[in-house]
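For reference, work.csv (CSV, C-alpha atoms and all ligand atoms):
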```csv
chain,number,residue,atom,x,y,z
A,164,MET,CA,-24.1,-3.2,14.4
A,165,THR,CA,-24.6,0.5,14.0
A,166,PHE,CA,-22.6,3.3,15.6
A,167,ASP,CA,-23.4,6.9,16.5
A,168,ARG,CA,-19.7,7.8,16.6
A,169,ARG,CA,-16.5,7.2,14.6
A,170,ILE,CA,-15.0,3.8,15.1
A,171,PHE,CA,-11.4,2.6,15.2
A,172,ASN,CA,-11.3,1.1,11.8
A,173,PHE,CA,-8.7,-1.6,11.2
A,174,ALA,CA,-9.8,-2.4,7.7
A,175,ALA,CA,-7.1,-3.4,5.2
A,176,GLY,CA,-8.4,-1.2,2.4
A,177,PRO,CA,-10.3,0.8,1.7
A,178,ALA,CA,-9.1,2.0,5.1
A,179,ALA,CA,-9.5,4.7,7.7
A,180,LEU,CA,-8.9,8.3,6.7
A,181,PRO,CA,-7.9,11.1,9.0
A,182,GLU,CA,-10.9,12.8,10.4
A,183,VAL,CA,-9.7,16.3,9.5
A,184,VAL,CA,-9.4,15.2,5.9
A,185,LEU,CA,-13.0,14.0,5.9
A,186,LYS,CA,-14.1,17.2,7.6
A,187,GLN,CA,-12.4,19.4,5.0
A,188,ALA,CA,-13.8,17.4,2.1
A,189,ALA,CA,-17.3,17.8,3.7
A,190,SER,CA,-16.9,21.5,4.2
A,191,GLU,CA,-15.9,22.0,0.5
A,192,MET,CA,-18.4,19.5,-0.9
A,193,LEU,CA,-21.0,22.0,-2.1
A,194,ASN,CA,-18.7,24.8,-3.1
A,195,TRP,CA,-15.0,24.2,-3.9
A,196,GLN,CA,-12.8,27.2,-4.3
A,197,GLY,CA,-15.8,29.5,-4.8
A,198,LEU,CA,-16.9,27.8,-8.0
A,199,GLY,CA,-20.3,27.0,-6.6
A,200,ALA,CA,-19.7,23.4,-7.4
A,201,SER,CA,-17.8,20.5,-5.9
A,202,VAL,CA,-14.4,19.4,-7.2
A,203,MET,CA,-16.2,16.4,-8.7
A,204,GLU,CA,-18.3,18.6,-11.0
A,205,VAL,CA,-15.7,20.8,-12.7
A,206,SER,CA,-13.5,20.2,-15.7
A,207,HIS,CA,-10.2,18.4,-15.1
A,208,ARG,CA,-8.7,20.8,-17.6
A,209,GLY,CA,-10.0,23.9,-15.9
A,210,LYS,CA,-7.4,26.1,-14.2
A,211,GLU,CA,-8.6,25.3,-10.7
A,212,PHE,CA,-8.3,21.6,-11.1
A,213,MET,CA,-5.0,21.8,-13.0
A,214,ALA,CA,-3.5,24.0,-10.1
A,215,LEU,CA,-4.7,21.4,-7.6
A,216,TYR,CA,-3.2,18.6,-9.7
A,217,GLU,CA,0.2,20.3,-9.8
A,218,GLU,CA,0.1,20.8,-6.1
A,219,VAL,CA,-0.8,17.2,-5.5
A,220,LEU,CA,2.2,16.1,-7.5
A,221,HIS,CA,4.5,18.6,-5.8
A,222,ASP,CA,3.4,17.5,-2.3
A,223,LEU,CA,4.0,13.8,-3.2
A,224,ARG,CA,7.4,14.7,-4.6
A,225,THR,CA,8.3,16.5,-1.4
A,226,LEU,CA,7.0,13.8,0.9
A,227,MET,CA,8.8,10.9,-0.9
A,228,GLY,CA,11.8,12.9,-2.0
A,229,ILE,CA,11.2,11.9,-5.6
A,230,PRO,CA,13.9,13.3,-7.9
A,231,ASP,CA,13.2,15.0,-11.2
A,232,SER,CA,14.5,12.0,-13.1
A,233,TYR,CA,11.2,10.2,-12.1
A,234,GLU,CA,7.8,10.8,-13.5
A,235,ILE,CA,4.7,10.6,-11.2
A,236,LEU,CA,1.7,9.1,-13.0
A,237,LEU,CA,-1.8,9.2,-11.4
A,238,LEU,CA,-3.7,6.4,-13.1
A,239,GLN,CA,-6.8,4.2,-12.7
A,240,GLY,CA,-7.0,0.5,-12.5
A,241,GLY,CA,-5.4,-0.1,-9.1
A,242,GLY,CA,-2.4,-2.2,-8.2
A,243,LEU,CA,-3.9,-5.0,-10.3
A,244,GLY,CA,-4.0,-2.8,-13.3
A,245,GLN,CA,-0.3,-2.2,-12.9
A,246,ASN,CA,0.3,-6.0,-12.6
A,247,ALA,CA,-0.5,-6.0,-16.4
A,248,ALA,CA,0.8,-2.6,-17.2
A,249,ILE,CA,4.3,-3.2,-15.8
A,250,PRO,CA,5.1,-6.2,-17.9
A,251,MET,CA,3.6,-4.5,-21.0
A,252,ASN,CA,5.8,-1.4,-20.4
A,253,LEU,CA,9.0,-3.1,-19.2
A,254,MET,CA,9.3,-6.8,-20.0
A,255,ALA,CA,10.5,-6.1,-23.5
A,256,LEU,CA,13.8,-4.8,-22.0
A,257,GLY,CA,14.7,-8.5,-21.3
A,258,LYS,CA,18.0,-9.4,-23.1
A,259,ASN,CA,16.6,-12.5,-24.8
A,260,GLY,CA,13.0,-11.6,-25.1
A,261,PRO,CA,10.4,-10.5,-22.6
A,262,LYS,CA,11.2,-11.7,-19.2
A,263,ALA,CA,11.0,-10.7,-15.5
A,264,ASP,CA,11.9,-12.2,-12.2
A,265,PHE,CA,9.5,-12.4,-9.2
A,266,LEU,CA,10.1,-12.6,-5.5
A,267,VAL,CA,6.9,-14.2,-4.2
A,268,THR,CA,6.4,-13.5,-0.5
A,269,GLY,CA,2.6,-13.5,-0.4
A,270,ILE,CA,-0.6,-13.4,-2.2
A,271,TRP,CA,-0.1,-10.0,-3.9
A,272,SER,CA,3.3,-10.8,-5.4
A,273,GLU,CA,1.9,-14.2,-6.5
A,274,LYS,CA,-0.8,-12.4,-8.3
A,275,SER,CA,1.7,-10.1,-10.0
A,276,TYR,CA,3.7,-13.1,-11.0
A,277,LYS,CA,0.7,-14.9,-12.5
A,278,GLU,CA,-0.5,-11.9,-14.4
A,279,ALA,CA,3.0,-11.3,-15.9
A,280,GLU,CA,3.0,-14.8,-17.4
A,281,LYS,CA,0.6,-13.5,-20.1
A,282,TYR,CA,3.2,-11.2,-21.5
A,283,GLY,CA,6.4,-13.1,-21.4
A,284,ALA,CA,8.6,-15.4,-19.3
A,285,ALA,CA,7.8,-14.8,-15.6
A,286,HIS,CA,10.6,-16.4,-13.6
A,287,LEU,CA,9.9,-17.4,-10.0
A,288,ALA,CA,13.2,-16.3,-8.4
A,289,ALA,CA,12.0,-17.0,-4.8
A,290,THR,CA,8.9,-18.0,-3.0
A,291,SER,CA,7.8,-18.5,0.6
A,292,ALA,CA,4.7,-20.4,-0.4
A,293,LEU,CA,5.9,-23.5,1.5
A,294,GLU,CA,6.2,-21.4,4.7
A,295,ILE,CA,2.6,-20.3,4.1
A,296,PHE,CA,3.9,-16.8,3.3
A,297,ASN,CA,5.1,-16.1,6.8
A,298,THR,CA,8.6,-15.1,5.9
A,299,ILE,CA,10.9,-13.8,3.2
A,300,PRO,CA,13.2,-16.4,1.7
A,301,ASP,CA,16.8,-16.0,2.5
A,302,GLU,CA,18.6,-13.8,-0.1
A,303,ALA,CA,21.2,-16.5,-0.7
A,304,SER,CA,18.5,-18.8,-2.1
A,305,TRP,CA,17.1,-16.4,-4.7
A,306,SER,CA,17.7,-17.5,-8.3
A,307,LEU,CA,17.8,-14.1,-10.1
A,308,SER,CA,18.2,-14.2,-13.9
A,309,ASP,CA,20.8,-12.4,-15.8
A,310,ASP,CA,18.5,-11.8,-18.8
A,311,ALA,CA,15.4,-10.5,-17.1
A,312,ALA,CA,14.1,-7.0,-17.6
A,313,TYR,CA,13.5,-6.4,-13.9
A,314,VAL,CA,12.9,-8.0,-10.5
A,315,HIS,CA,9.4,-7.5,-9.0
A,316,TYR,CA,8.8,-7.5,-5.3
A,317,CYS,CA,6.0,-6.6,-2.9
A,318,ALA,CA,7.3,-4.3,-0.2
A,319,ASN,CA,4.5,-5.1,2.2
A,320,GLU,CA,2.3,-8.2,1.8
A,321,THR,CA,-1.0,-6.9,3.1
A,322,ILE,CA,-2.6,-10.3,3.7
A,323,GLY,CA,0.2,-12.2,5.4
A,324,GLY,CA,1.6,-9.2,7.2
A,325,VAL,CA,5.1,-9.6,5.8
A,326,GLU,CA,7.2,-6.6,5.0
A,327,PHE,CA,10.7,-6.1,3.5
A,328,PRO,CA,12.7,-4.2,6.1
A,329,GLY,CA,14.5,-2.4,3.3
A,330,VAL,CA,14.9,-2.5,-0.5
A,331,PRO,CA,16.1,-5.9,-1.5
A,332,GLU,CA,19.7,-6.3,-2.8
A,333,VAL,CA,19.6,-7.7,-6.3
A,334,GLY,CA,23.0,-7.0,-7.7
A,335,GLY,CA,22.3,-3.9,-9.7
A,336,ARG,CA,19.2,-5.3,-11.5
A,337,LEU,CA,16.3,-3.1,-12.1
A,338,LEU,CA,13.7,-3.3,-9.3
A,339,VAL,CA,9.9,-2.8,-9.4
A,340,ALA,CA,8.2,-2.4,-6.1
A,341,ASP,CA,4.5,-2.8,-5.2
A,342,ILE,CA,4.0,-0.4,-2.3
A,343,SER,CA,0.2,-0.5,-2.3
A,344,SER,CA,0.0,-1.0,1.4
A,345,ASN,CA,3.1,0.8,2.8
A,346,ILE,CA,3.5,3.8,0.6
A,347,LEU,CA,4.4,6.9,2.7
A,348,SER,CA,4.6,4.9,5.9
A,349,ARG,CA,8.4,4.9,6.0
A,350,GLU,CA,11.3,6.6,4.4
A,351,ILE,CA,12.6,5.2,1.2
A,352,ASP,CA,15.4,6.0,-1.2
A,353,VAL,CA,13.4,6.4,-4.4
A,354,THR,CA,16.4,5.9,-6.6
A,355,LYS,CA,16.7,2.3,-5.5
A,356,CYS,CA,13.8,1.1,-7.7
A,357,GLY,CA,12.9,1.9,-11.3
A,358,VAL,CA,9.2,1.8,-10.6
A,359,TRP,CA,7.2,2.2,-7.4
A,360,PHE,CA,3.4,1.7,-7.6
A,361,GLY,CA,0.3,1.4,-5.4
A,362,GLY,CA,-3.3,2.3,-5.1
A,363,ALA,CA,-4.3,5.2,-2.7
A,364,GLN,CA,-6.9,3.3,-0.7
A,365,LYS,CA,-4.7,1.9,2.0
A,366,ASN,CA,-2.5,4.7,3.2
A,367,ILE,CA,-3.5,7.8,1.4
A,368,GLY,CA,-7.2,8.4,0.5
A,369,PRO,CA,-10.1,6.7,-1.2
A,370,SER,CA,-9.8,4.1,-3.9
A,371,GLY,CA,-9.8,5.2,-7.5
A,372,VAL,CA,-6.3,6.6,-8.1
A,373,THR,CA,-3.1,4.6,-8.5
A,374,ILE,CA,0.3,6.2,-8.0
A,375,VAL,CA,3.0,5.0,-10.4
A,376,ILE,CA,6.5,6.5,-9.9
A,377,VAL,CA,8.6,5.6,-12.9
A,378,ARG,CA,12.2,6.5,-13.8
A,379,LYS,CA,11.9,8.5,-17.0
A,380,ASP,CA,14.4,6.4,-19.1
A,381,LEU,CA,12.2,3.4,-18.5
A,382,MET,CA,9.3,4.8,-20.5
A,383,GLY,CA,9.0,4.3,-24.2
A,384,HIS,CA,9.7,0.5,-24.3
A,385,SER,CA,6.1,-0.7,-24.2
A,386,MET,CA,4.9,-3.7,-26.2
A,387,SER,CA,2.8,-2.8,-29.3
A,388,ILE,CA,-0.2,-4.5,-27.8
A,389,THR,CA,-0.2,-2.1,-24.8
A,390,PRO,CA,-3.5,-0.3,-24.4
A,391,SER,CA,-3.0,3.5,-24.6
A,392,ILE,CA,-4.3,4.1,-21.1
A,393,TRP,CA,-1.7,1.6,-19.8
A,394,ASP,CA,1.2,3.1,-21.8
A,395,TRP,CA,3.3,5.1,-19.3
A,396,SER,CA,4.9,7.3,-21.9
A,397,LYS,CA,1.5,8.2,-23.4
A,398,GLN,CA,0.2,9.0,-20.0
A,399,ALA,CA,3.3,11.0,-19.1
A,400,ALA,CA,3.0,13.0,-22.3
A,401,THR,CA,-0.6,14.1,-21.3
A,402,GLN,CA,0.0,14.6,-17.5
A,403,SER,CA,-1.9,11.3,-16.9
A,404,MET,CA,-4.9,12.8,-18.6
A,405,LEU,CA,-5.2,10.7,-21.7
A,406,ASN,CA,-8.7,10.1,-20.5
A,407,THR,CA,-10.7,11.7,-17.7
A,408,PRO,CA,-8.7,11.3,-14.5
A,409,PRO,CA,-10.4,10.2,-11.2
A,410,THR,CA,-10.7,13.8,-10.0
A,411,PHE,CA,-12.3,13.3,-6.7
A,412,SER,CA,-9.8,10.6,-5.7
A,413,ILE,CA,-6.9,12.9,-6.7
A,414,TYR,CA,-8.4,15.7,-4.6
A,415,MET,CA,-8.8,13.4,-1.6
A,416,ALA,CA,-5.2,12.1,-2.0
A,417,GLY,CA,-4.1,15.7,-2.1
A,418,LEU,CA,-5.8,16.4,1.2
A,419,GLY,CA,-4.1,13.2,2.6
A,420,PHE,CA,-0.7,14.6,1.5
A,421,LYS,CA,-1.4,18.0,3.2
A,422,TRP,CA,-2.4,16.1,6.4
A,423,LEU,CA,0.8,14.1,6.3
A,424,LEU,CA,2.9,17.2,5.7
A,425,ALA,CA,1.3,18.7,8.8
A,426,GLN,CA,2.2,15.7,10.8
A,427,GLY,CA,5.8,16.3,10.0
A,428,GLY,CA,6.1,14.2,6.9
A,429,VAL,CA,7.2,10.6,6.4
A,430,GLN,CA,10.0,10.7,8.9
A,431,ALA,CA,7.6,11.7,11.7
A,432,ILE,CA,4.9,9.3,10.7
A,433,GLU,CA,7.4,6.4,10.4
A,434,LYS,CA,8.3,6.9,14.1
A,435,GLN,CA,4.6,6.8,15.0
A,436,ASN,CA,4.1,3.7,12.9
A,437,GLN,CA,7.0,2.0,14.5
A,438,GLU,CA,5.6,2.8,17.9
A,439,LYS,CA,2.1,1.5,17.1
A,440,ALA,CA,3.5,-1.7,15.6
A,441,ASN,CA,5.9,-2.2,18.6
A,442,LEU,CA,3.0,-1.8,21.0
A,443,LEU,CA,0.9,-4.4,19.3
A,444,TYR,CA,3.7,-7.0,18.6
A,445,SER,CA,5.1,-6.8,22.1
A,446,PHE,CA,1.6,-7.4,23.5
A,447,LEU,CA,1.2,-10.4,21.2
A,448,ASP,CA,4.6,-11.8,22.1
A,449,GLN,CA,3.8,-12.0,25.8
A,450,SER,CA,0.3,-13.3,25.4
A,451,SER,CA,-0.7,-16.9,25.9
A,452,LEU,CA,-3.9,-16.5,23.9
A,453,TYR,CA,-2.7,-14.7,20.7
A,454,GLU,CA,0.2,-15.3,18.4
A,455,ASN,CA,1.8,-13.7,15.4
A,456,ARG,CA,3.4,-16.2,13.1
A,457,VAL,CA,5.7,-14.0,10.9
A,458,THR,CA,9.5,-14.2,11.1
A,459,LYS,CA,10.3,-11.3,13.5
A,460,ALA,CA,12.6,-9.4,11.1
A,461,TYR,CA,9.9,-9.3,8.5
A,462,ARG,CA,6.8,-8.4,10.5
A,463,SER,CA,4.7,-5.7,8.8
A,464,ARG,CA,4.3,-2.3,10.5
A,465,MET,CA,1.1,-1.8,8.6
A,466,ASN,CA,-0.8,-5.1,8.7
A,467,VAL,CA,-0.4,-7.0,12.0
A,468,THR,CA,-1.7,-10.5,11.6
A,469,PHE,CA,-2.5,-12.7,14.6
A,470,PHE,CA,-4.2,-15.9,15.6
A,471,LEU,CA,-6.1,-16.9,18.7
A,472,LYS,CA,-4.5,-20.2,19.8
A,473,ASP,CA,-8.0,-21.4,20.6
A,474,GLU,CA,-9.8,-20.7,17.3
A,475,SER,CA,-13.2,-21.6,18.8
A,476,LEU,CA,-13.0,-18.1,20.4
A,477,ASN,CA,-12.7,-16.3,17.0
A,478,ALA,CA,-16.4,-15.5,16.7
A,479,ALA,CA,-16.7,-14.1,20.2
A,480,PHE,CA,-13.5,-12.1,19.6
A,481,LEU,CA,-14.9,-10.5,16.5
A,482,ALA,CA,-18.3,-9.8,17.9
A,483,GLN,CA,-17.0,-8.2,21.1
A,484,SER,CA,-14.3,-6.2,19.4
A,485,ASN,CA,-16.8,-4.9,17.0
A,486,ALA,CA,-19.2,-4.0,19.7
A,487,ALA,CA,-16.4,-2.1,21.4
A,488,GLY,CA,-15.9,0.0,18.2
A,489,LEU,CA,-12.8,-1.8,17.1
A,490,VAL,CA,-13.9,-2.8,13.7
A,491,ALA,CA,-12.8,-5.0,10.8
A,492,LEU,CA,-10.3,-7.3,12.6
A,493,ARG,CA,-11.1,-10.4,10.7
A,494,GLY,CA,-8.1,-11.7,8.7
A,495,HIS,CA,-8.3,-12.1,4.9
A,496,LYS,CA,-10.1,-15.3,4.0
A,497,ALA,CA,-6.9,-16.7,2.4
A,498,ALA,CA,-5.0,-16.4,5.6
A,499,GLY,CA,-7.5,-16.9,8.4
A,500,GLY,CA,-7.1,-15.5,11.9
A,501,MET,CA,-7.1,-11.8,12.6
A,502,ARG,CA,-5.5,-8.8,11.1
A,503,ALA,CA,-5.2,-5.2,12.4
A,504,SER,CA,-4.3,-2.8,9.7
A,505,ILE,CA,-2.7,0.2,11.3
A,506,TYR,CA,-1.9,2.6,8.5
A,507,ASN,CA,-0.8,6.2,8.8
A,508,ALA,CA,-4.3,7.4,9.7
A,509,MET,CA,-4.7,5.0,12.7
A,510,PRO,CA,-3.9,7.0,15.8
A,511,LEU,CA,-1.8,5.5,18.6
A,512,GLU,CA,-5.0,5.7,20.7
A,513,GLY,CA,-6.6,3.2,18.4
A,514,VAL,CA,-3.9,0.7,18.9
A,515,GLN,CA,-3.9,1.3,22.6
A,516,ALA,CA,-7.6,0.6,22.7
A,517,LEU,CA,-7.2,-2.6,20.7
A,518,VAL,CA,-4.5,-3.8,23.1
A,519,GLU,CA,-6.6,-3.0,26.1
A,520,PHE,CA,-9.5,-4.9,24.6
A,521,MET,CA,-7.4,-7.9,23.7
A,522,ARG,CA,-5.9,-8.0,27.2
A,523,ASP,CA,-9.3,-7.9,28.7
A,524,PHE,CA,-10.7,-10.5,26.4
A,525,GLU,CA,-7.7,-12.8,27.2
A,526,ARG,CA,-8.4,-12.4,30.9
A,527,ARG,CA,-12.0,-13.4,30.4
A,528,ALA,CA,-11.3,-16.3,28.0
B,1,LIG,C1,-4.5,-3.9,-2.2
B,1,LIG,C2,-3.2,-4.4,-2.9
B,1,LIG,C3,-3.1,-4.6,-4.2
B,1,LIG,C4,-4.3,-4.5,-5.1
B,1,LIG,O1,-4.7,-3.2,-5.3
B,1,LIG,P1,-6.0,-2.7,-6.1
B,1,LIG,O2,-5.9,-1.3,-6.1
B,1,LIG,O3,-7.2,-3.3,-5.4
B,1,LIG,O4,-5.8,-3.3,-7.5
B,1,LIG,C5,-1.9,-4.9,-4.8
B,1,LIG,N1,-0.9,-5.1,-4.0
B,1,LIG,C6,-0.9,-4.9,-2.6
B,1,LIG,C7,0.3,-5.1,-1.8
B,1,LIG,C8,-2.1,-4.6,-2.0
B,1,LIG,O5,-2.2,-4.4,-0.7
```
So that I can check it, write out the structure of this file as structure tokens.
Ligand SMILES: *Cc1c(COP(=O)(O)O)cnc(C)c1O
Amino acid sequence: MTFDRRIFNFAAGPAALPEVVLKQAASEMLNWQGLGASVMEVSHRGKEFMALYEEVLHDLRTLMGIPDSYEILLLQGGGLGQNAAIPMNLMALGKNGPKADFLVTGIWSEKSYKEAEKYGAAHLAATSALEIFNTIPDEASWSLSDDAAYVHYCANETIGGVEFPGVPEVGGRLLVADISSNILSREIDVTKCGVWFGGAQKNIGPSGVTIVIVRKDLMGHSMSITPSIWDWSKQAATQSMLNTPPTFSIYMAGLGFKWLLAQGGVQAIEKQNQEKANLLYSFLDQSSLYENRVTKAYRSRMNVTFFLKDESLNAAFLAQSNAAGLVALRGHKAAGGMRASIYNAMPLEGVQALVEFMRDFERRA
């Protein structure tokens, strides 16, 4: 399938970007800031890039309301890189040796849990594996440790479509949040977690840059084996430029932040995200062909998973939706079914078009 126009792209990541962001990048591609070169081709230590860098951090701080007591690191290696970096930087704070607790609510938090086992005692405090990751275990059933350095959770499970409605209550323990797929999609109180992290490629810009927001007093406790590029305090001391940063990804993330500010910031986009998700879920709930299987209170606003009750229609559904310019609706292979990722850059019209298509498909089925 080829297209001669922009599609509605429901991909989970890398994901759709706002058209104005792409247009601006295109317009500056050959000559950025009158330097006669693109942003990709100039020194990361030059005054133009450094000014951009400061502005990117400032805009993110404004958008998320990040207090000065938190450092913003722009790193490489993605969310998976941080799955190793977090234990190496924090686990040693465990009272009786390196230890961390994990709330496993899907495939991403499970990966984090498994990776951490290499660096210390990873304790499975809760899991919804038996519910095929369609829910969040009841808080009363969590077995949180008293000697763990921190509690890790994934705020939005991208594959299952399960999202914490708020920051979990863990009795004053230190929290670490994977926000790879819902960063900047809803308002959060940054002070509720010690560390927030996620790659840019779902809700901000292209892949290549990973945002790590870390409370300053949590730096400086890394294990001696920690590679320098994963050591938060070493990265903080060099403005995340211990090695060459992903300059183009940072520039694109910066354009994404400007776009979001122009939309009215996180508060405004949260309203739109809620509206988009409501539209899709309320359609699914009244349908006799499609179903969402996630506990209602934990349904993701970003990744809407659904199944066709008659799975023999899956291939036709995917082929026809694709032909209609509604692209990348196939669910993750680990989950099956379908998934519509409706991040910040997906306009309401995209979700309306999807619902119209699905209604029509159901009528014809
Ligand atoms: C995509 C994703 C990751 C992995 O991110 P990479 O940048 O590919 O390493 C981790 N956690 C969640 C919740 C994700 O959605």
- [ ] Using only C-alpha atoms and all ligand atoms, find each residue with an atom at most 9 Å away from ligand LIG 1 (chain B) and format the answer as a ChimeraX atom specification.
- [x] /A:175-177,239-246,269-272,274-275,317-322,341-345,360-365,370-373
TODO: Name the residues, using the chain letters and numbers of the file, that sit within 12 Å of (-4.9, 13.0, -16.5) when counting only C-alpha atoms, and give them as a VMD selection string.
DONE: chain A and resid 206 to 208 212 to 213 216 to 217 220 235 to 239 372 to 373 392 395 397 to 410 413
- [ ] Mind checking which residues fall within 9 Å of Ala516 in chain A, counting all atoms listed in the file, ignoring those fewer than 5 positions away in the same chain, and posting them as a ChimeraX atom specification?
- [x] /A:171,489,511,521
Save the residues we just selected, C-alpha atoms, as a PDB file, keeping the file's coordinate frame?
```pdb
ATOM      1  CA  PHE A 171     -11.400   2.600  15.200  1.00  0.00           C
ATOM      2  CA  LEU A 489     -12.800  -1.800  17.100  1.00  0.00           C
ATOM      3  CA  LEU A 511      -1.800   5.500  18.600  1.00  0.00           C
ATOM      4  CA  MET A 521      -7.400  -7.900  23.700  1.00  0.00           C
TER       5      MET A 521
END
```
Open item on the list: Quick check, in Å to one decimal: how far apart do CA of Gly323 in chain A and CA of Asn455 in chain A lie?
Closed with: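 Rounded to one decimal, the two atoms are 10.2 Å apart.
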Open item on the list: Can you measure CA of Ala497 in chain A to CA of Val330 in chain A for me? One decimal in Å is fine.
Closed with: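 CA of Val330 in chain A lies at a distance of 26.2 Å from CA of Ala497 in chain A.
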TODO: Could you give me, as a count of residues only, the residues that sit within 8 Å of (12.1, -13.9, 9.5) in the file's coordinates, counting all atoms listed in the file?
DONE: 9
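CA of Lys281 in chain A lies 12.4 Å from CA of Thr389 in chain A.
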- [ ] Just the residues within 10 Å of Gly499 in chain A, please, counting all atoms listed in the file, with nothing from its chain fewer than 5 positions along; format it as JSON, numbers by chain.
- [x] {"A": [322, 323, 468, 469, 470, 474, 493, 494]}
- [ ] Pick out the closest residue to Thr290 in chain A from this set: A:Ala312, A:Val267, A:Ile249, A:Leu307. Count all atoms listed in the file.
- [x] A:Val267
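Closest approach to Ser385 in chain A from the set A:Lys186, A:Ile229, A:Trp195, A:Met251 is made by A:Met251, with distances taken over all atoms listed in the file.
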Open item on the list: I want to know what sits within 8 Å of Leu443 in chain A, based on only C-alpha atoms, with residues of the same chain fewer than 5 positions away left out; could you give that as a count of residues only?
Closed with: 3
Rebuild N, CA, C and O atoms on range 236-248 of chain A, as a PDB file, keeping the file's coordinate frame?
```pdb
ATOM      1  N   LEU A 236       2.898   9.302 -12.233  1.00  0.00           N
ATOM      2  CA  LEU A 236       1.700   9.100 -13.000  1.00  0.00           C
ATOM      3  C   LEU A 236       0.525   8.838 -11.996  1.00  0.00           C
ATOM      4  O   LEU A 236       0.713   8.090 -11.032  1.00  0.00           O
ATOM      5  N   LEU A 237      -0.613   9.453 -12.226  1.00  0.00           N
ATOM      6  CA  LEU A 237      -1.800   9.200 -11.400  1.00  0.00           C
ATOM      7  C   LEU A 237      -2.818   8.496 -12.294  1.00  0.00           C
ATOM      8  O   LEU A 237      -3.456   9.146 -13.119  1.00  0.00           O
ATOM      9  N   LEU A 238      -2.943   7.187 -12.132  1.00  0.00           N
ATOM     10  CA  LEU A 238      -3.700   6.400 -13.100  1.00  0.00           C
ATOM     11  C   LEU A 238      -4.914   5.729 -12.420  1.00  0.00           C
ATOM     12  O   LEU A 238      -5.134   5.884 -11.221  1.00  0.00           O
ATOM     13  N   GLN A 239      -5.668   5.005 -13.224  1.00  0.00           N
ATOM     14  CA  GLN A 239      -6.800   4.200 -12.700  1.00  0.00           C
ATOM     15  C   GLN A 239      -6.427   2.727 -12.840  1.00  0.00           C
ATOM     16  O   GLN A 239      -5.412   2.377 -13.412  1.00  0.00           O
ATOM     17  N   GLY A 240      -7.255   1.894 -12.297  1.00  0.00           N
ATOM     18  CA  GLY A 240      -7.000   0.500 -12.500  1.00  0.00           C
ATOM     19  C   GLY A 240      -6.346  -0.239 -11.312  1.00  0.00           C
ATOM     20  O   GLY A 240      -6.220  -1.455 -11.305  1.00  0.00           O
ATOM     21  N   GLY A 241      -5.906   0.522 -10.328  1.00  0.00           N
ATOM     22  CA  GLY A 241      -5.400  -0.100  -9.100  1.00  0.00           C
ATOM     23  C   GLY A 241      -4.047  -0.804  -9.297  1.00  0.00           C
ATOM     24  O   GLY A 241      -3.447  -0.794 -10.382  1.00  0.00           O
ATOM     25  N   GLY A 242      -3.638  -1.442  -8.210  1.00  0.00           N
ATOM     26  CA  GLY A 242      -2.400  -2.200  -8.200  1.00  0.00           C
ATOM     27  C   GLY A 242      -2.541  -3.363  -9.272  1.00  0.00           C
ATOM     28  O   GLY A 242      -1.591  -3.672  -9.998  1.00  0.00           O
ATOM     29  N   LEU A 243      -3.711  -3.946  -9.340  1.00  0.00           N
ATOM     30  CA  LEU A 243      -3.900  -5.000 -10.300  1.00  0.00           C
ATOM     31  C   LEU A 243      -3.758  -4.573 -11.718  1.00  0.00           C
ATOM     32  O   LEU A 243      -3.262  -5.298 -12.573  1.00  0.00           O
ATOM     33  N   GLY A 244      -4.198  -3.387 -12.006  1.00  0.00           N
ATOM     34  CA  GLY A 244      -4.000  -2.800 -13.300  1.00  0.00           C
ATOM     35  C   GLY A 244      -2.517  -2.757 -13.671  1.00  0.00           C
ATOM     36  O   GLY A 244      -2.077  -3.120 -14.760  1.00  0.00           O
ATOM     37  N   GLN A 245      -1.719  -2.317 -12.699  1.00  0.00           N
ATOM     38  CA  GLN A 245      -0.300  -2.200 -12.900  1.00  0.00           C
ATOM     39  C   GLN A 245       0.361  -3.611 -13.050  1.00  0.00           C
ATOM     40  O   GLN A 245       1.405  -3.745 -13.684  1.00  0.00           O
ATOM     41  N   ASN A 246      -0.252  -4.624 -12.462  1.00  0.00           N
ATOM     42  CA  ASN A 246       0.300  -6.000 -12.600  1.00  0.00           C
ATOM     43  C   ASN A 246       0.346  -6.343 -14.123  1.00  0.00           C
ATOM     44  O   ASN A 246       1.187  -7.138 -14.538  1.00  0.00           O
ATOM     45  N   ALA A 247      -0.558  -5.791 -14.908  1.00  0.00           N
ATOM     46  CA  ALA A 247      -0.500  -6.000 -16.400  1.00  0.00           C
ATOM     47  C   ALA A 247       0.303  -4.920 -17.043  1.00  0.00           C
ATOM     48  O   ALA A 247       1.068  -5.188 -17.961  1.00  0.00           O
ATOM     49  N   ALA A 248       0.154  -3.684 -16.565  1.00  0.00           N
ATOM     50  CA  ALA A 248       0.800  -2.600 -17.200  1.00  0.00           C
ATOM     51  C   ALA A 248       2.369  -2.685 -17.109  1.00  0.00           C
ATOM     52  O   ALA A 248       3.094  -2.374 -18.055  1.00  0.00           O
TER      53      ALA A 248
END
```
